[in-house]
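Data file: data05.cif. Format and content: mmCIF, C-alpha atoms.
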```cif
data_structure
#
loop_
_atom_site.label_atom_id
_atom_site.label_comp_id
_atom_site.auth_asym_id
_atom_site.auth_seq_id
_atom_site.Cartn_x
_atom_site.Cartn_y
_atom_site.Cartn_z
CA MET C 689 0.11 7.72 23.23
CA LYS C 690 3.36 5.88 22.75
CA PHE C 691 5.40 5.50 19.60
CA PHE C 692 7.45 2.36 18.95
CA ASP C 693 10.33 3.26 16.70
CA CYS C 694 13.64 1.99 15.36
CA ALA C 695 16.07 4.78 14.57
CA THR C 696 17.77 2.89 11.73
CA ALA C 697 14.71 1.61 9.83
CA PRO C 698 13.07 3.40 6.86
CA ASN C 699 9.39 2.89 7.76
CA PRO C 700 9.41 4.42 11.25
CA ARG C 701 11.43 7.31 9.81
CA ARG C 702 8.46 8.20 7.62
CA VAL C 703 6.42 8.73 10.78
CA ARG C 704 9.24 10.60 12.53
CA ILE C 705 9.49 13.07 9.66
CA PHE C 706 5.69 13.43 9.57
CA LEU C 707 5.61 14.19 13.32
CA ALA C 708 8.50 16.67 13.00
CA GLU C 709 6.71 18.50 10.17
CA LYS C 710 3.65 18.73 12.42
CA GLY C 711 5.70 19.79 15.42
CA VAL C 712 4.21 16.90 17.41
CA ALA C 713 6.27 15.00 20.00
CA ILE C 714 5.15 11.59 21.29
CA PRO C 715 6.90 9.52 23.98
CA THR C 716 8.98 7.02 22.02
CA GLN C 717 10.46 3.61 22.70
CA GLN C 718 13.19 2.17 20.49
CA ILE C 719 12.80 -1.44 19.35
CA ASP C 720 16.09 -3.17 18.58
CA LEU C 721 15.28 -4.76 15.21
CA ALA C 722 18.88 -5.94 14.66
CA GLY C 723 18.72 -7.75 18.00
CA GLY C 724 15.32 -9.34 17.20
CA GLU C 725 13.35 -7.45 19.85
CA GLN C 726 10.35 -7.31 17.46
CA PHE C 727 9.92 -11.07 18.00
CA SER C 728 9.94 -10.87 21.81
CA PRO C 729 6.74 -11.92 23.59
CA SER C 730 6.34 -8.44 25.06
CA PHE C 731 6.48 -6.75 21.66
CA ARG C 732 4.33 -9.42 19.98
CA ALA C 733 1.67 -8.61 22.58
CA ILE C 734 1.68 -5.04 21.25
CA ASN C 735 1.99 -5.89 17.56
CA PRO C 736 1.64 -9.51 16.42
CA ARG C 737 2.96 -8.36 13.05
CA CYS C 738 6.40 -7.96 14.68
CA SER C 739 7.06 -4.68 12.89
CA VAL C 740 7.64 -1.00 13.58
CA PRO C 741 6.36 1.67 13.55
CA VAL C 742 3.50 1.19 16.00
CA LEU C 743 1.46 3.93 17.61
CA VAL C 744 -0.32 2.80 20.76
CA LEU C 745 -3.27 4.99 21.69
CA ASP C 746 -4.27 5.78 25.26
CA ASP C 747 -7.00 3.10 25.16
CA GLY C 748 -4.43 0.49 24.14
CA THR C 749 -5.34 0.32 20.44
CA ALA C 750 -2.18 -0.41 18.44
CA ILE C 751 -1.88 1.10 14.97
CA SER C 752 0.86 -0.69 13.08
CA ASP C 753 0.90 0.86 9.63
CA VAL C 754 2.72 4.01 8.55
CA LEU C 755 -0.11 5.65 6.66
CA ALA C 756 -2.73 4.69 9.23
CA ILE C 757 -0.57 6.38 11.88
CA CYS C 758 -0.08 9.46 9.68
CA ARG C 759 -3.82 9.68 9.05
CA TYR C 760 -4.50 9.57 12.78
CA ILE C 761 -1.96 12.31 13.47
CA GLU C 762 -3.33 14.39 10.58
CA ASP C 763 -6.84 14.14 12.07
CA LEU C 764 -5.63 15.24 15.51
CA HIS C 765 -3.29 17.94 14.20
CA PRO C 766 -4.70 19.12 10.86
CA SER C 767 -2.20 21.96 10.39
CA PRO C 768 0.04 21.98 8.45
CA ALA C 769 -1.91 19.60 6.22
CA LEU C 770 0.37 16.91 4.81
CA MET C 771 -2.33 14.72 3.26
CA GLY C 772 -4.43 17.36 1.48
CA THR C 773 -7.52 19.26 2.48
CA SER C 774 -9.93 19.15 -0.50
CA PRO C 775 -11.24 15.74 -1.63
CA LYS C 776 -9.30 16.09 -4.88
CA ASP C 777 -6.00 17.01 -3.21
CA LYS C 778 -6.40 14.18 -0.72
CA ALA C 779 -6.86 11.70 -3.55
CA VAL C 780 -3.97 13.06 -5.62
CA ILE C 781 -1.61 12.98 -2.63
CA ALA C 782 -2.72 9.45 -1.67
CA MET C 783 -2.05 8.30 -5.24
CA TRP C 784 1.44 9.79 -5.40
CA GLU C 785 2.31 8.59 -1.92
CA ARG C 786 1.38 5.07 -2.93
CA ARG C 787 3.52 5.26 -6.07
CA MET C 788 6.53 6.38 -4.05
CA GLU C 789 5.99 3.51 -1.66
CA VAL C 790 5.44 0.78 -4.23
CA ASP C 791 8.03 1.91 -6.80
CA GLY C 792 10.63 3.25 -4.39
CA LEU C 793 10.44 1.90 -0.87
CA LEU C 794 9.14 -1.56 -1.69
CA ALA C 795 11.68 -1.94 -4.50
CA ALA C 796 14.52 -1.02 -2.13
CA ALA C 797 13.15 -3.43 0.48
CA GLU C 798 12.96 -6.16 -2.17
CA ALA C 799 16.63 -5.53 -3.07
CA LEU C 800 17.91 -5.43 0.51
CA ARG C 801 15.84 -8.14 2.16
CA ASN C 802 16.54 -10.69 -0.57
CA SER C 803 20.31 -10.27 -0.42
CA ALA C 804 21.57 -9.15 3.03
CA PRO C 805 23.12 -12.11 4.89
CA ARG C 806 21.61 -10.95 8.20
CA LEU C 807 18.10 -11.19 6.66
CA LYS C 808 18.46 -14.80 5.48
CA GLY C 809 15.06 -16.47 5.91
CA ARG C 810 13.50 -13.05 6.57
CA ALA C 811 12.77 -11.79 3.06
CA LEU C 812 9.52 -10.15 4.16
CA VAL C 813 8.68 -8.03 7.18
CA GLY C 814 6.09 -9.75 9.36
CA PRO C 815 5.58 -12.74 11.61
CA HIS C 816 6.17 -15.34 8.87
CA ASP C 817 9.56 -16.47 7.57
CA TYR C 818 10.23 -16.52 3.84
CA GLU C 819 13.49 -17.44 2.14
CA GLN C 820 15.43 -14.92 0.14
CA ILE C 821 15.06 -15.06 -3.65
CA PRO C 822 18.26 -13.74 -5.29
CA ALA C 823 16.44 -12.90 -8.56
CA LEU C 824 14.09 -10.72 -6.55
CA ALA C 825 17.00 -8.73 -5.11
CA GLU C 826 18.13 -8.07 -8.67
CA ARG C 827 14.62 -7.10 -9.70
CA GLY C 828 14.45 -4.65 -6.81
CA ARG C 829 17.59 -2.93 -8.07
CA ALA C 830 16.22 -2.76 -11.61
CA ARG C 831 12.99 -1.28 -10.30
CA LEU C 832 14.88 1.44 -8.44
CA LEU C 833 16.37 2.64 -11.73
CA ASP C 834 12.83 2.90 -13.14
CA PHE C 835 11.78 4.67 -9.93
CA TYR C 836 14.48 7.32 -10.41
CA ASN C 837 13.58 7.80 -14.09
CA ASP C 838 9.88 8.16 -13.33
CA LEU C 839 10.58 10.52 -10.41
CA GLU C 840 12.82 12.65 -12.64
CA LEU C 841 9.98 13.04 -15.16
CA ARG C 842 7.56 13.96 -12.40
CA LEU C 843 9.81 16.46 -10.63
CA ALA C 844 10.78 18.13 -13.89
CA ASP C 845 7.09 19.12 -14.07
CA SER C 846 6.20 19.62 -10.40
CA PRO C 847 7.97 21.28 -7.46
CA PHE C 848 6.88 18.53 -5.09
CA VAL C 849 5.98 14.90 -5.70
CA ALA C 850 2.20 15.34 -5.43
CA GLY C 851 1.97 18.88 -6.85
CA PRO C 852 2.52 22.46 -5.72
CA GLU C 853 2.77 21.70 -1.97
CA PHE C 854 4.96 19.58 0.27
CA SER C 855 3.11 16.44 1.38
CA VAL C 856 3.43 12.97 2.81
CA ALA C 857 4.31 11.82 -0.73
CA ASP C 858 7.59 13.76 -0.48
CA ILE C 859 8.32 12.11 2.85
CA THR C 860 7.90 8.63 1.40
CA ALA C 861 9.97 9.58 -1.65
CA ILE C 862 12.89 10.98 0.31
CA VAL C 863 12.95 7.96 2.61
CA ALA C 864 12.97 5.77 -0.51
CA VAL C 865 15.88 7.74 -2.05
CA ASP C 866 17.88 7.52 1.19
CA PHE C 867 17.13 3.80 1.47
CA ALA C 868 18.22 3.23 -2.15
CA THR C 869 21.39 5.25 -1.51
CA ARG C 870 22.17 3.04 1.49
CA ILE C 871 22.06 -0.04 -0.73
CA LYS C 872 24.41 1.71 -3.18
CA LEU C 873 21.85 2.95 -5.67
CA PRO C 874 22.13 6.72 -5.22
CA MET C 875 20.41 9.25 -7.46
CA PRO C 876 21.77 8.95 -11.02
CA ASP C 877 23.96 11.86 -12.14
CA GLY C 878 21.47 12.85 -14.84
CA ALA C 879 18.54 13.13 -12.44
CA LYS C 880 18.68 16.91 -12.19
CA ALA C 881 15.12 17.50 -11.07
CA VAL C 882 15.40 14.78 -8.41
CA ARG C 883 18.61 16.39 -7.17
CA ARG C 884 17.05 19.88 -7.01
CA TRP C 885 14.10 18.47 -5.06
CA TYR C 886 16.33 16.36 -2.81
CA GLU C 887 18.42 19.39 -1.88
CA ALA C 888 15.31 21.42 -1.06
CA MET C 889 13.99 18.54 1.04
CA SER C 890 17.28 18.11 2.89
CA ALA C 891 17.07 21.73 4.05
CA ARG C 892 13.91 20.95 6.04
CA PRO C 893 14.71 20.39 9.72
CA SER C 894 12.30 17.41 9.78
CA MET C 895 14.54 15.42 7.47
CA SER C 896 17.32 14.98 10.01
CA VAL C 897 15.16 12.93 12.38
CA MET F 344 -16.51 11.84 -13.64
CA LYS F 345 -15.60 8.75 -15.59
CA PHE F 346 -14.51 5.38 -14.28
CA PHE F 347 -12.09 3.18 -16.24
CA ASP F 348 -12.72 -0.42 -15.30
CA CYS F 349 -11.97 -3.99 -16.33
CA ALA F 350 -14.72 -6.41 -15.37
CA THR F 351 -12.34 -9.37 -14.89
CA ALA F 352 -9.60 -7.70 -12.81
CA PRO F 353 -9.44 -7.72 -8.98
CA ASN F 354 -8.37 -4.12 -8.35
CA PRO F 355 -11.16 -2.34 -10.22
CA ARG F 356 -13.60 -4.71 -8.55
CA ARG F 357 -12.62 -3.23 -5.18
CA VAL F 358 -13.85 0.14 -6.45
CA ARG F 359 -16.99 -1.35 -8.01
CA ILE F 360 -17.99 -2.94 -4.70
CA PHE F 361 -17.21 0.30 -2.86
CA LEU F 362 -19.42 2.27 -5.26
CA ALA F 363 -22.22 -0.30 -5.00
CA GLU F 364 -22.12 -0.13 -1.19
CA LYS F 365 -22.41 3.65 -1.47
CA GLY F 366 -25.19 3.43 -4.05
CA VAL F 367 -23.13 5.63 -6.38
CA ALA F 368 -23.14 5.09 -10.16
CA ILE F 369 -20.43 6.60 -12.38
CA PRO F 370 -20.25 6.40 -16.18
CA THR F 371 -17.84 3.55 -16.84
CA GLN F 372 -15.59 2.51 -19.70
CA GLN F 373 -14.15 -1.00 -19.92
CA ILE F 374 -10.46 -1.34 -20.72
CA ASP F 375 -9.54 -4.63 -22.40
CA LEU F 376 -6.53 -5.66 -20.32
CA ALA F 377 -6.27 -9.07 -22.02
CA GLY F 378 -6.08 -7.30 -25.37
CA GLY F 379 -3.43 -4.83 -24.14
CA GLU F 380 -5.62 -1.73 -24.35
CA GLN F 381 -3.92 -0.33 -21.22
CA PHE F 382 -0.79 0.18 -23.34
CA SER F 383 -2.57 2.09 -26.11
CA PRO F 384 -1.53 5.72 -26.64
CA SER F 385 -5.04 6.91 -25.81
CA PHE F 386 -5.11 5.13 -22.45
CA ARG F 387 -1.50 6.05 -21.63
CA ALA F 388 -2.56 9.68 -22.05
CA ILE F 389 -5.09 9.11 -19.26
CA ASN F 390 -2.88 6.96 -17.04
CA PRO F 391 0.83 6.60 -17.84
CA ARG F 392 0.89 3.77 -15.28
CA CYS F 393 -1.09 1.64 -17.77
CA SER F 394 -3.35 0.26 -15.05
CA VAL F 395 -6.97 0.23 -13.97
CA PRO F 396 -8.91 1.39 -12.05
CA VAL F 397 -8.74 5.08 -12.93
CA LEU F 398 -11.24 7.73 -11.90
CA VAL F 399 -11.09 10.82 -14.10
CA LEU F 400 -12.58 13.91 -12.45
CA ASP F 401 -14.47 16.60 -14.31
CA ASP F 402 -11.38 18.82 -14.43
CA GLY F 403 -9.40 16.00 -16.07
CA THR F 404 -7.45 14.92 -12.97
CA ALA F 405 -6.84 11.16 -13.18
CA ILE F 406 -6.78 9.21 -9.92
CA SER F 407 -5.17 5.82 -10.55
CA ASP F 408 -5.06 4.11 -7.20
CA VAL F 409 -7.83 2.07 -5.58
CA LEU F 410 -7.67 3.61 -2.13
CA ALA F 411 -7.19 7.14 -3.44
CA ILE F 412 -10.38 6.66 -5.49
CA CYS F 413 -12.23 5.22 -2.50
CA ARG F 414 -11.12 8.13 -0.33
CA TYR F 415 -12.42 10.60 -2.91
CA ILE F 416 -15.78 8.84 -3.12
CA GLU F 417 -15.98 8.62 0.68
CA ASP F 418 -15.43 12.39 0.92
CA LEU F 419 -18.15 13.11 -1.64
CA HIS F 420 -20.58 10.51 -0.27
CA PRO F 421 -19.81 10.07 3.44
CA SER F 422 -22.76 7.77 4.16
CA PRO F 423 -22.56 4.84 4.69
CA ALA F 424 -19.04 5.34 6.00
CA LEU F 425 -16.73 2.59 4.72
CA MET F 426 -13.44 4.08 5.94
CA GLY F 427 -14.40 5.07 9.49
CA THR F 428 -15.61 8.31 11.01
CA SER F 429 -13.59 8.87 14.22
CA PRO F 430 -9.81 9.34 13.91
CA LYS F 431 -9.27 6.05 15.71
CA ASP F 432 -11.69 4.06 13.52
CA LYS F 433 -10.18 5.57 10.39
CA ALA F 434 -6.71 4.48 11.47
CA VAL F 435 -7.81 0.97 12.48
CA ILE F 436 -9.66 0.45 9.20
CA ALA F 437 -6.70 1.79 7.17
CA MET F 438 -4.39 -0.63 9.00
CA TRP F 439 -6.56 -3.68 8.38
CA GLU F 440 -7.24 -2.72 4.80
CA ARG F 441 -3.51 -2.53 4.18
CA ARG F 442 -2.95 -5.95 5.73
CA MET F 443 -5.59 -7.49 3.51
CA GLU F 444 -3.98 -5.90 0.49
CA VAL F 445 -0.38 -6.82 1.28
CA ASP F 446 -0.98 -10.30 2.70
CA GLY F 447 -3.87 -11.30 0.44
CA LEU F 448 -4.15 -9.39 -2.80
CA LEU F 449 -0.44 -8.79 -3.37
CA ALA F 450 0.37 -12.41 -2.52
CA ALA F 451 -2.21 -13.64 -5.05
CA ALA F 452 -0.86 -11.21 -7.65
CA GLU F 453 2.67 -12.48 -6.95
CA ALA F 454 1.49 -16.06 -7.49
CA LEU F 455 -0.46 -15.37 -10.69
CA ARG F 456 1.75 -12.83 -12.42
CA ASN F 457 4.91 -14.89 -11.94
CA SER F 458 3.45 -18.04 -13.45
CA ALA F 459 0.67 -17.36 -16.01
CA PRO F 460 2.01 -17.84 -19.56
CA ARG F 461 0.02 -14.85 -20.81
CA LEU F 462 1.85 -12.60 -18.30
CA LYS F 463 5.36 -13.60 -19.38
CA GLY F 464 7.56 -10.51 -19.11
CA ARG F 465 4.77 -8.72 -17.22
CA ALA F 466 5.37 -9.82 -13.63
CA LEU F 467 4.38 -6.41 -12.26
CA VAL F 468 1.51 -4.10 -13.13
CA GLY F 469 2.77 -0.82 -14.53
CA PRO F 470 4.55 0.67 -17.51
CA HIS F 471 7.79 -1.31 -17.03
CA ASP F 472 8.38 -4.92 -18.04
CA TYR F 473 9.83 -7.39 -15.53
CA GLU F 474 10.44 -11.07 -16.10
CA GLN F 475 8.56 -13.69 -14.14
CA ILE F 476 10.38 -15.28 -11.19
CA PRO F 477 9.06 -18.83 -10.66
CA ALA F 478 10.23 -18.89 -7.01
CA LEU F 479 8.15 -15.77 -6.42
CA ALA F 480 5.03 -17.50 -7.73
CA GLU F 481 5.65 -20.26 -5.20
CA ARG F 482 6.21 -17.72 -2.44
CA GLY F 483 2.92 -16.04 -3.32
CA ARG F 484 1.10 -19.33 -2.83
CA ALA F 485 2.82 -19.94 0.50
CA ARG F 486 1.89 -16.44 1.62
CA LEU F 487 -1.76 -17.06 0.79
CA LEU F 488 -1.83 -19.96 3.25
CA ASP F 489 -0.49 -17.62 5.94
CA PHE F 490 -3.07 -15.06 4.86
CA TYR F 491 -5.91 -17.53 5.41
CA ASN F 492 -4.52 -18.60 8.80
CA ASP F 493 -4.13 -15.02 9.98
CA LEU F 494 -7.59 -14.07 8.66
CA GLU F 495 -9.12 -17.06 10.48
CA LEU F 496 -7.60 -15.88 13.77
CA ARG F 497 -8.89 -12.37 13.18
CA LEU F 498 -12.42 -13.35 12.15
CA ALA F 499 -12.74 -15.78 15.05
CA ASP F 500 -12.52 -12.65 17.22
CA SER F 501 -14.25 -10.04 15.11
CA PRO F 502 -17.42 -10.03 12.97
CA PHE F 503 -15.74 -7.96 10.26
CA VAL F 504 -12.10 -7.60 9.27
CA ALA F 505 -11.56 -4.19 10.89
CA GLY F 506 -13.95 -4.62 13.84
CA PRO F 507 -17.67 -4.41 14.53
CA GLU F 508 -18.65 -2.75 11.24
CA PHE F 509 -18.39 -3.59 7.57
CA SER F 510 -15.62 -1.51 5.93
CA VAL F 511 -13.33 -1.17 2.97
CA ALA F 512 -11.08 -3.75 4.69
CA ASP F 513 -13.77 -6.40 4.09
CA ILE F 514 -13.96 -5.39 0.44
CA THR F 515 -10.22 -5.87 -0.05
CA ALA F 516 -10.32 -9.15 1.86
CA ILE F 517 -13.16 -10.65 -0.16
CA VAL F 518 -11.54 -9.63 -3.44
CA ALA F 519 -8.34 -11.29 -2.18
CA VAL F 520 -10.19 -14.51 -1.27
CA ASP F 521 -11.92 -14.61 -4.66
CA PHE F 522 -8.62 -13.94 -6.43
CA ALA F 523 -6.90 -16.72 -4.45
CA THR F 524 -9.79 -19.07 -5.27
CA ARG F 525 -9.37 -18.29 -8.97
CA ILE F 526 -5.75 -19.43 -8.81
CA LYS F 527 -6.86 -22.62 -7.06
CA LEU F 528 -6.17 -21.64 -3.48
CA PRO F 529 -9.69 -21.54 -2.04
CA MET F 530 -10.46 -21.11 1.66
CA PRO F 531 -9.07 -24.10 3.61
CA ASP F 532 -11.73 -26.44 5.00
CA GLY F 533 -10.74 -25.66 8.57
CA ALA F 534 -11.18 -21.90 8.15
CA LYS F 535 -14.60 -21.79 9.80
CA ALA F 536 -14.60 -18.13 10.76
CA VAL F 537 -13.45 -17.11 7.28
CA ARG F 538 -16.27 -19.21 5.78
CA ARG F 539 -18.90 -17.67 8.09
CA TRP F 540 -17.69 -14.20 7.16
CA TYR F 541 -17.45 -15.05 3.46
CA GLU F 542 -21.02 -16.29 3.39
CA ALA F 543 -22.27 -13.14 5.11
CA MET F 544 -20.30 -11.03 2.63
CA SER F 545 -21.62 -12.95 -0.35
CA ALA F 546 -25.17 -12.08 0.67
CA ARG F 547 -24.48 -8.36 0.14
CA PRO F 548 -25.78 -7.21 -3.26
CA SER F 549 -22.57 -5.20 -3.80
CA MET F 550 -20.49 -8.36 -4.00
CA SER F 551 -21.96 -9.50 -7.30
CA VAL F 552 -20.61 -6.48 -9.21
#
```
Final structure tokens representation of the file:
Amino acid sequence: MKFFDCATAPNPRRVRIFLAEKGVAIPTQQIDLAGGEQFSPSFRAINPRCSVPVLVLDDGTAISDVLAICRYIEDLHPSPALMGTSPKDKAVIAMWERRMEVDGLLAAAEALRNSAPRLKGRALVGPHDYEQIPALAERGRARLLDFYNDLELRLADSPFVAGPEFSVADITAIVAVDFATRIKLPMPDGAKAVRRWYEAMSARPSMSV
Amino acid sequence: MKFFDCATAPNPRRVRIFLAEKGVAIPTQQIDLAGGEQFSPSFRAINPRCSVPVLVLDDGTAISDVLAICRYIEDLHPSPALMGTSPKDKAVIAMWERRMEVDGLLAAAEALRNSAPRLKGRALVGPHDYEQIPALAERGRARLLDFYNDLELRLADSPFVAGPEFSVADITAIVAVDFATRIKLPMPDGAKAVRRWYEAMSARPSMSV
């Protein structure tokens, strides 16, 4: 297997944390997103979506989606389980993971990609070019405030995002919080439960990858 | 179990088709989205996200995400498998399903929700109100053309969206095509492979649910 990564990008970091929690190491190649390497013919041949992360299996199959990669790793290395073991836990974790992605990560991406000068004409990840929409950058920032409020309510009731155990939903949430912080929307001062959770998460060795 | 549905909405239809393919029937309650029933106190108590579909388990756990529901049903009723059986097939299907959702369904939702007068102030599903962004409606329509082009390339090479077998990725794709058609972006005339696939899909009894 080979893992195509970019050390500065939020989505591959989700996989890096997942692998670190599993204690799994995979030969890794960095793709220089800032330099446009994702659009090179050699990388397009691996992933026509022009995105990272990608996990290439030994038979050449390329998996270019964070959760699809995590699911594959979870199947090969079931312990520690990060996506649940019972049907109910699997569904609950999948639901919370999705919420963290849509409300947190996608909102931060909306805010960044529709405003950063270096992403002009590149408002969406993928092979197609779309112009930035300034109102969408603003909406992304508004959504992140709702994300923090909703996460505060959840974490006031639950030690981890998806319930009593650490899971892939926490990984997506912490990557979303760090992404939001990078675009100058850090955790609000009043978000005490989020802060308590964030500090506990930060103590995990996996989070520094 | 109890399934909260809305007969006219694309997302619950994904679950209905999935259940029909499995031959599984679940007691169902319609939620009147047009009448705002998703914002009623009684429905908020079930799903604070104010969205359908929701699957409520016998212990009261509410699963409010299409794929999380599908995963739960797949675990309880593994045959016919719609999400893959080997680790590799599961990952490939998850990847293609996600593409169909992001490129097709979310693009159509972007187009509709940012332009329909009845959705003013409701540009995103969920408990929070966001204003419509006309430029985003236009972008959604542009993205649907890219979706059709990309799907044509894929289906020229593959009998089904995720490979040699029917899967949940086909369900998401057909719901996306029907949604796009409803907002007056039907399959382009030149999309021969998409049309061949669509006709084969339409012959499945599950598709009429």
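For the choices F:Gln475, F:Thr524, F:Ser407, F:Asn492, the atom-to-atom distance to chain C is smallest for F:Ser407 when using only C-alpha atoms.
Residue nearest Asp777 in chain C, chosen from F:Ile412, F:His420, F:Pro391, F:Val511 and counting only C-alpha atoms: F:Ile412.
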- Task: Considering all atoms listed in the file, extract the chain F residues located within 10 Å of chain C and return them as number ranges by chain.
- Result: F: 392, 400, 404-419, 429-442, 446, 469-479, 482, 485-486, 489
Take the residues from that selection and write them out as an mmCIF file, in the frame of the given file, keeping C-alpha atoms.
```cif
data_model
loop_
_atom_site.group_PDB
_atom_site.id
_atom_site.type_symbol
_atom_site.label_atom_id
_atom_site.label_comp_id
_atom_site.auth_asym_id
_atom_site.auth_seq_id
_atom_site.Cartn_x
_atom_site.Cartn_y
_atom_site.Cartn_z
ATOM 1 C CA ARG F 392 0.890 3.770 -15.280
ATOM 2 C CA LEU F 400 -12.580 13.910 -12.450
ATOM 3 C CA THR F 404 -7.450 14.920 -12.970
ATOM 4 C CA ALA F 405 -6.840 11.160 -13.180
ATOM 5 C CA ILE F 406 -6.780 9.210 -9.920
ATOM 6 C CA SER F 407 -5.170 5.820 -10.550
ATOM 7 C CA ASP F 408 -5.060 4.110 -7.200
ATOM 8 C CA VAL F 409 -7.830 2.070 -5.580
ATOM 9 C CA LEU F 410 -7.670 3.610 -2.130
ATOM 10 C CA ALA F 411 -7.190 7.140 -3.440
ATOM 11 C CA ILE F 412 -10.380 6.660 -5.490
ATOM 12 C CA CYS F 413 -12.230 5.220 -2.500
ATOM 13 C CA ARG F 414 -11.120 8.130 -0.330
ATOM 14 C CA TYR F 415 -12.420 10.600 -2.910
ATOM 15 C CA ILE F 416 -15.780 8.840 -3.120
ATOM 16 C CA GLU F 417 -15.980 8.620 0.680
ATOM 17 C CA ASP F 418 -15.430 12.390 0.920
ATOM 18 C CA LEU F 419 -18.150 13.110 -1.640
ATOM 19 C CA SER F 429 -13.590 8.870 14.220
ATOM 20 C CA PRO F 430 -9.810 9.340 13.910
ATOM 21 C CA LYS F 431 -9.270 6.050 15.710
ATOM 22 C CA ASP F 432 -11.690 4.060 13.520
ATOM 23 C CA LYS F 433 -10.180 5.570 10.390
ATOM 24 C CA ALA F 434 -6.710 4.480 11.470
ATOM 25 C CA VAL F 435 -7.810 0.970 12.480
ATOM 26 C CA ILE F 436 -9.660 0.450 9.200
ATOM 27 C CA ALA F 437 -6.700 1.790 7.170
ATOM 28 C CA MET F 438 -4.390 -0.630 9.000
ATOM 29 C CA TRP F 439 -6.560 -3.680 8.380
ATOM 30 C CA GLU F 440 -7.240 -2.720 4.800
ATOM 31 C CA ARG F 441 -3.510 -2.530 4.180
ATOM 32 C CA ARG F 442 -2.950 -5.950 5.730
ATOM 33 C CA ASP F 446 -0.980 -10.300 2.700
ATOM 34 C CA GLY F 469 2.770 -0.820 -14.530
ATOM 35 C CA PRO F 470 4.550 0.670 -17.510
ATOM 36 C CA HIS F 471 7.790 -1.310 -17.030
ATOM 37 C CA ASP F 472 8.380 -4.920 -18.040
ATOM 38 C CA TYR F 473 9.830 -7.390 -15.530
ATOM 39 C CA GLU F 474 10.440 -11.070 -16.100
ATOM 40 C CA GLN F 475 8.560 -13.690 -14.140
ATOM 41 C CA ILE F 476 10.380 -15.280 -11.190
ATOM 42 C CA PRO F 477 9.060 -18.830 -10.660
ATOM 43 C CA ALA F 478 10.230 -18.890 -7.010
ATOM 44 C CA LEU F 479 8.150 -15.770 -6.420
ATOM 45 C CA ARG F 482 6.210 -17.720 -2.440
ATOM 46 C CA ALA F 485 2.820 -19.940 0.500
ATOM 47 C CA ARG F 486 1.890 -16.440 1.620
ATOM 48 C CA ASP F 489 -0.490 -17.620 5.940
#
```
- Residue IDs satisfying the PyMOL selection byres ((chain C and resi 717) around 8), as a ChimeraX atom specification: /C:690-693,715-716,718-719
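Relative to CA of Asp521 in chain F, CA of Leu362 in chain F is found at 18.5 Å.
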- Item | Residues near Ala450 in chain F, cut-off 7 Å, all atoms listed in the file, skip fewer than 4 positions along chain, as a list in words | Val445, Asp446, Ala454, Gly483, Arg484, Arg486 and Leu487 of chain F
- Item | Residues near range 872-876 of chain C, cut-off 10 Å, all atoms listed in the file, skip fewer than 2 positions along chain, as a VMD selection string | chain C and resid 796 829 to 830 832 to 833 836 to 837 840 865 to 870 878 to 880 882 to 883 886
Serialized selection, C-alpha atoms, as a tab-separated table (two decimals), in the coordinates of the input:
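Saved to out-v3.tsv:
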```tsv
chain	number	residue	atom	x	y	z
C	796	ALA	CA	14.52	-1.02	-2.13
C	829	ARG	CA	17.59	-2.93	-8.07
C	830	ALA	CA	16.22	-2.76	-11.61
C	832	LEU	CA	14.88	1.44	-8.44
C	833	LEU	CA	16.37	2.64	-11.73
C	836	TYR	CA	14.48	7.32	-10.41
C	837	ASN	CA	13.58	7.80	-14.09
C	840	GLU	CA	12.82	12.65	-12.64
C	865	VAL	CA	15.88	7.74	-2.05
C	866	ASP	CA	17.88	7.52	1.19
C	867	PHE	CA	17.13	3.80	1.47
C	868	ALA	CA	18.22	3.23	-2.15
C	869	THR	CA	21.39	5.25	-1.51
C	870	ARG	CA	22.17	3.04	1.49
C	878	GLY	CA	21.47	12.85	-14.84
C	879	ALA	CA	18.54	13.13	-12.44
C	880	LYS	CA	18.68	16.91	-12.19
C	882	VAL	CA	15.40	14.78	-8.41
C	883	ARG	CA	18.61	16.39	-7.17
C	886	TYR	CA	16.33	16.36	-2.81
```
- For the file shown, report as a list in words the outcome of the PyMOL selection byres ((chain C and resi 849) around 9) at residue level. Ile781, Trp784, Glu785, Met788, Leu839, Arg842, Leu843, Ser846, Pro847, Phe848, Ala850, Gly851, Pro852, Glu853, Phe854, Ser855, Ala857, Asp858, Ala861 and Trp885 of chain C
- Written as a ChimeraX atom specification, what is the full residue list that the PyMOL selection byres ((chain F and resi 355) around 10) yields on the file shown? /F:346-354,356-361,394-397,408-409,518
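Going from CA of Asp838 in chain C over to CA of Ala769 in chain C, you cover 25.5 Å.
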